[in-house]
Amino acid sequence: MPHERSSAGAGPAPVPGGAALLEVDNVTLRFGGVTALDGVSFTIRQGEIFGLIGPNGAGKTTCFNAMTGIYRPTDGEIRFTGKRVTGLRKYEITSMGIARTFQNIRLFPEMTALENVMVGADAHHKTSVLGALFRLPRHRREEAQGREKSLRLLEFVGIRHRAGHVARNLSYGEQRRLEIARALATDPKLLCLDEPAAGFNPAEKEDLLQLIRRVRDTGVTVLLIEHDMRLVMGVTDRIAVLEFGRKIAEGTPAEVRDDPKVIAAYLGVPADAA
Ligand SMILES: Nc1ncnc2c1ncn2[C@@H]1O[C@H](COP(=O)(O)OP(=O)(O)OP(=O)(O)O)[C@@H](O)[C@H]1O
């Protein structure tokens, strides 16, 4: 189960005073001639649900990939809890407390739901390879704890009853929940969700919204990339909007929704005509 939220309770997080958790500082990322990110800066504060939105090709996934160690920015820096993450390896970034899900689900299809989550929980085990090979007591203890924790996470995301089923036999929505459970198993401070509602019907989207809020209420900060504007507006505390690799707006959902530049970006018309 994710950690208990210190200032327990529902409702929006106390965002304005929250400490900086992730700082994207003037990040530029080029792929050959394509500038996917162009001097992008924003700060995600502890306890908030932060949305990163923008039209297709705006640079959202590239930004995620830069944060999670898949790409190294051409310029600029990303800091997590004040420490530089640019240049670190993926596992180092995971162990600092950043977890993510992917736009295209990436589970181990032949493993059970429980095993998929246990892989995430295993990341924190301290036993050596030899300890695991000979099933020493410490390894067995850690395995049992990982199993318990993974079952609690499956319960938390609402698919405990599917624990013993192989991932590929789960419905699409269940697989998306499983991905979230697996990411939470690494005990993240920041959970990054890349279009978690893609392919969902309205009822599933509403359920997902509730789940994202519950994750936040356990003390985990959430970064959400999402195309569905209604979903983003309904759940986030603040939003940054990208277009052609540049940040064109940042603010509360209401501020962003009424920003002519954002309206123009989404409607594909010049700002003064929107
Ligand atoms: N590995 C890569 N090599 C070359 N160009 C890339 C690579 N990854 C992304 N790009 C380009 O960078 C730009 C930003 O892409 P990115 O996938 O980050 O956008 P996005 O906002 O996530 O879009 P979508 O909503 O369609 O997923 C696009 O022009 C894309 O073609």
# chains A, B, ... in the order shown; residues from 1 in each chain; ligands from 1
call {"tool": "residues_near_ligand", "arguments": {"ligand": "ligand 1", "cutoff": "10 Å", "atoms": "only C-alpha atoms and all ligand atoms", "output": "ChimeraX atom specification"}}
result
/A:29-37,52-66,70-71,103,194-195,225-227,241-245
call {"tool": "residues_around", "arguments": {"residues": "range 187-190 of chain A", "least_positions_apart": "2", "cutoff": "6 Å", "atoms": "only C-alpha atoms", "output": "PDB file with C-alpha atoms, in the first residue's frame"}}
result
ATOM      1  CA  GLY A  97      11.172   7.618  -5.999  1.00  0.00           C
ATOM      2  CA  ILE A  98       9.893   8.200  -9.535  1.00  0.00           C
ATOM      3  CA  ALA A  99       7.661   5.509 -11.053  1.00  0.00           C
ATOM      4  CA  LEU A 184       3.203   1.802  -6.817  1.00  0.00           C
ATOM      5  CA  ALA A 185       5.079  -1.296  -5.648  1.00  0.00           C
ATOM      6  CA  VAL A 220       2.015  10.098  -3.627  1.00  0.00           C
ATOM      7  CA  THR A 221       2.332  13.078  -5.978  1.00  0.00           C
ATOM      8  CA  VAL A 222       0.887  12.386  -9.430  1.00  0.00           C
TER       9      VAL A 222
END
call {"tool": "residues_around", "arguments": {"residues": "range 142-154 of chain A", "least_positions_apart": "2", "cutoff": "6 Å", "atoms": "only C-alpha atoms", "output": "list in words"}}
result
Met1, Val117, Met118, Ala121, His139, Arg140, Phe156, Val157, Ile159, Arg160 and Ala181 of chain A
call {"tool": "residues_around", "arguments": {"residues": "Pro253 in chain A", "least_positions_apart": "3", "cutoff": "12 Å", "atoms": "only C-alpha atoms", "output": "PyMOL selection string"}}
result
chain A and resi 49-53+229-241+249-250+256-259+262
call {"tool": "write_last_selection", "arguments": {"atoms": "N, CA and C atoms", "output": "short mmCIF file (atom, residue, chain, number, x, y, z; two decimals), in the first residue's frame"}}
result
data_model
loop_
_atom_site.label_atom_id
_atom_site.label_comp_id
_atom_site.auth_asym_id
_atom_site.auth_seq_id
_atom_site.Cartn_x
_atom_site.Cartn_y
_atom_site.Cartn_z
N ILE A 49 -1.68 16.89 -7.90
CA ILE A 49 -1.88 16.13 -9.13
C ILE A 49 -1.63 17.14 -10.25
N PHE A 50 -0.57 16.90 -11.01
CA PHE A 50 -0.13 17.85 -12.01
C PHE A 50 -0.40 17.26 -13.39
N GLY A 51 -1.01 18.03 -14.27
CA GLY A 51 -1.32 17.56 -15.62
C GLY A 51 -0.34 18.13 -16.63
N LEU A 52 0.08 17.29 -17.57
CA LEU A 52 0.91 17.76 -18.68
C LEU A 52 0.12 17.45 -19.93
N ILE A 53 -0.33 18.51 -20.60
CA ILE A 53 -1.21 18.28 -21.75
C ILE A 53 -0.66 18.99 -22.99
N MET A 229 -9.49 16.09 -22.13
CA MET A 229 -9.48 17.36 -21.40
C MET A 229 -10.38 17.32 -20.17
N ARG A 230 -11.51 16.63 -20.30
CA ARG A 230 -12.45 16.60 -19.18
C ARG A 230 -11.81 15.91 -17.97
N LEU A 231 -11.15 14.82 -18.28
CA LEU A 231 -10.50 14.06 -17.21
C LEU A 231 -9.41 14.91 -16.56
N VAL A 232 -8.61 15.57 -17.38
CA VAL A 232 -7.51 16.38 -16.84
C VAL A 232 -8.07 17.52 -15.98
N MET A 233 -9.09 18.17 -16.50
CA MET A 233 -9.66 19.31 -15.78
C MET A 233 -10.30 18.87 -14.46
N GLY A 234 -10.86 17.66 -14.46
CA GLY A 234 -11.59 17.19 -13.28
C GLY A 234 -10.70 16.71 -12.15
N VAL A 235 -9.45 16.42 -12.42
CA VAL A 235 -8.65 15.76 -11.38
C VAL A 235 -7.39 16.53 -10.99
N THR A 236 -6.90 17.40 -11.87
CA THR A 236 -5.60 18.02 -11.58
C THR A 236 -5.72 19.28 -10.73
N ASP A 237 -4.65 19.58 -10.01
CA ASP A 237 -4.56 20.83 -9.26
C ASP A 237 -3.96 21.92 -10.14
N ARG A 238 -2.95 21.54 -10.94
CA ARG A 238 -2.33 22.49 -11.87
C ARG A 238 -1.97 21.75 -13.15
N ILE A 239 -1.81 22.55 -14.20
CA ILE A 239 -1.57 21.96 -15.53
C ILE A 239 -0.50 22.79 -16.24
N ALA A 240 0.38 22.11 -16.98
CA ALA A 240 1.27 22.79 -17.92
C ALA A 240 0.87 22.34 -19.32
N VAL A 241 0.86 23.27 -20.26
CA VAL A 241 0.45 22.94 -21.62
C VAL A 241 1.63 23.10 -22.56
N ALA A 249 1.40 27.51 -21.61
CA ALA A 249 0.57 27.96 -20.49
C ALA A 249 0.81 27.08 -19.28
N GLU A 250 0.53 27.63 -18.11
CA GLU A 250 0.61 26.87 -16.86
C GLU A 250 -0.34 27.52 -15.88
N VAL A 256 -6.11 27.59 -17.28
CA VAL A 256 -5.63 27.01 -18.54
C VAL A 256 -6.76 26.89 -19.55
N ARG A 257 -7.94 26.50 -19.05
CA ARG A 257 -9.08 26.29 -19.95
C ARG A 257 -9.46 27.57 -20.67
N ASP A 258 -9.32 28.70 -19.97
CA ASP A 258 -9.74 29.97 -20.56
C ASP A 258 -8.62 30.69 -21.31
N ASP A 259 -7.44 30.07 -21.38
CA ASP A 259 -6.30 30.74 -22.02
C ASP A 259 -6.43 30.64 -23.55
N VAL A 262 -4.18 28.24 -25.36
CA VAL A 262 -4.49 26.82 -25.19
C VAL A 262 -5.66 26.44 -26.10
#
call {"tool": "select_by_dssp", "arguments": {"residues": "range 90-247 of chain A", "states": "strand (DSSP E or B)", "output": "ChimeraX atom specification"}}
result
/A:98-100,112,166,190-194,221-225,238-243,246-247
call {"tool": "write_last_selection", "arguments": {"atoms": "C-alpha atoms", "output": "PDB file, in the first residue's frame"}}
result
ATOM      1  CA  ILE A  98       9.893   8.200  -9.535  1.00  0.00           C
ATOM      2  CA  ALA A  99       7.661   5.509 -11.053  1.00  0.00           C
ATOM      3  CA  ARG A 100       5.799   5.535 -14.339  1.00  0.00           C
ATOM      4  CA  THR A 112       0.235 -13.547 -13.170  1.00  0.00           C
ATOM      5  CA  VAL A 166      -1.952 -14.239 -16.205  1.00  0.00           C
ATOM      6  CA  LEU A 190       6.012  10.661  -7.772  1.00  0.00           C
ATOM      7  CA  LEU A 191       3.808   8.500  -9.980  1.00  0.00           C
ATOM      8  CA  CYS A 192       3.857   9.446 -13.669  1.00  0.00           C
ATOM      9  CA  LEU A 193       0.890   8.205 -15.690  1.00  0.00           C
ATOM     10  CA  ASP A 194       1.182   8.366 -19.482  1.00  0.00           C
ATOM     11  CA  THR A 221       2.332  13.078  -5.978  1.00  0.00           C
ATOM     12  CA  VAL A 222       0.887  12.386  -9.430  1.00  0.00           C
ATOM     13  CA  LEU A 223       1.928  13.577 -12.875  1.00  0.00           C
ATOM     14  CA  LEU A 224      -0.663  12.885 -15.523  1.00  0.00           C
ATOM     15  CA  ILE A 225      -0.295  13.043 -19.300  1.00  0.00           C
ATOM     16  CA  ARG A 238      -2.334  22.486 -11.868  1.00  0.00           C
ATOM     17  CA  ILE A 239      -1.570  21.963 -15.529  1.00  0.00           C
ATOM     18  CA  ALA A 240       1.266  22.795 -17.920  1.00  0.00           C
ATOM     19  CA  VAL A 241       0.449  22.944 -21.623  1.00  0.00           C
ATOM     20  CA  LEU A 242       2.985  22.094 -24.320  1.00  0.00           C
ATOM     21  CA  GLU A 243       2.751  22.864 -28.017  1.00  0.00           C
ATOM     22  CA  ARG A 246       7.300  24.796 -25.891  1.00  0.00           C
ATOM     23  CA  LYS A 247       5.323  25.482 -22.737  1.00  0.00           C
TER      24      LYS A 247
END
call {"tool": "residues_around", "arguments": {"residues": "Gly39 in chain A", "least_positions_apart": "6", "cutoff": "6 Å", "atoms": "only C-alpha atoms", "output": "compact mmCIF listing (two decimals) with C-alpha atoms, in the first residue's frame"}}
result
# COMPACT_ATOMS: atom_id res chain seq x y z
CA ASN A 26 14.91 24.98 -19.02
CA VAL A 27 15.03 21.58 -20.70
CA THR A 28 15.74 21.30 -24.40
call {"tool": "closest_residue", "arguments": {"among": "A:Val85, A:Ala197, A:Ala167, A:Val40", "to": "Leu21 in chain A", "atoms": "only C-alpha atoms"}}
result
A:Val85
call {"tool": "closest_residue", "arguments": {"among": "A:Glu92, A:Asn201, A:Arg214, A:Ile248", "to": "Lys261 in chain A", "atoms": "only C-alpha atoms"}}
result
A:Ile248
call {"tool": "select_by_dssp", "arguments": {"residues": "range 111-272 of chain A", "states": "helix (DSSP H, G or I)", "output": "ChimeraX atom specification"}}
result
/A:113-122,129-133,137-157,160-162,167-169,172-184,202-217,229-235,253-257,260-267,271-272
call {"tool": "closest_residue", "arguments": {"among": "A:Glu206, A:Ile105, A:Lys83, A:Gly69", "to": "Glu174 in chain A", "atoms": "only C-alpha atoms"}}
result
A:Ile105
call {"tool": "atom_distance", "arguments": {"atom1": "CA of Arg72 in chain A", "atom2": "CA of Thr86 in chain A"}}
result
6.2 Å
call {"tool": "residues_around", "arguments": {"residues": "Gly82 in chain A", "least_positions_apart": "3", "cutoff": "8 Å", "atoms": "only C-alpha atoms", "output": "NGL selection string"}}
result
:A and (20-23 or 79)
call {"tool": "write_last_selection", "arguments": {"atoms": "N, CA and C atoms", "output": "mmCIF file, in the first residue's frame"}}
result
data_model
loop_
_atom_site.group_PDB
_atom_site.id
_atom_site.type_symbol
_atom_site.label_atom_id
_atom_site.label_comp_id
_atom_site.auth_asym_id
_atom_site.auth_seq_id
_atom_site.Cartn_x
_atom_site.Cartn_y
_atom_site.Cartn_z
ATOM 1 N N ALA A 20 8.854 21.915 -3.599
ATOM 2 C CA ALA A 20 9.144 21.452 -4.961
ATOM 3 C C ALA A 20 9.576 19.995 -4.905
ATOM 4 N N LEU A 21 8.938 19.153 -5.704
ATOM 5 C CA LEU A 21 9.323 17.740 -5.750
ATOM 6 C C LEU A 21 10.138 17.474 -7.024
ATOM 7 N N LEU A 22 9.568 17.873 -8.158
ATOM 8 C CA LEU A 22 10.276 17.682 -9.431
ATOM 9 C C LEU A 22 10.397 19.032 -10.144
ATOM 10 N N GLU A 23 11.615 19.390 -10.488
ATOM 11 C CA GLU A 23 11.839 20.653 -11.195
ATOM 12 C C GLU A 23 12.411 20.380 -12.583
ATOM 13 N N ARG A 79 15.559 18.154 -11.704
ATOM 14 C CA ARG A 79 15.917 17.834 -10.318
ATOM 15 C C ARG A 79 14.718 17.186 -9.621
#
call {"tool": "atom_distance", "arguments": {"atom1": "CA of Glu179 in chain A", "atom2": "CA of Asn104 in chain A"}}
result
10.5 Å
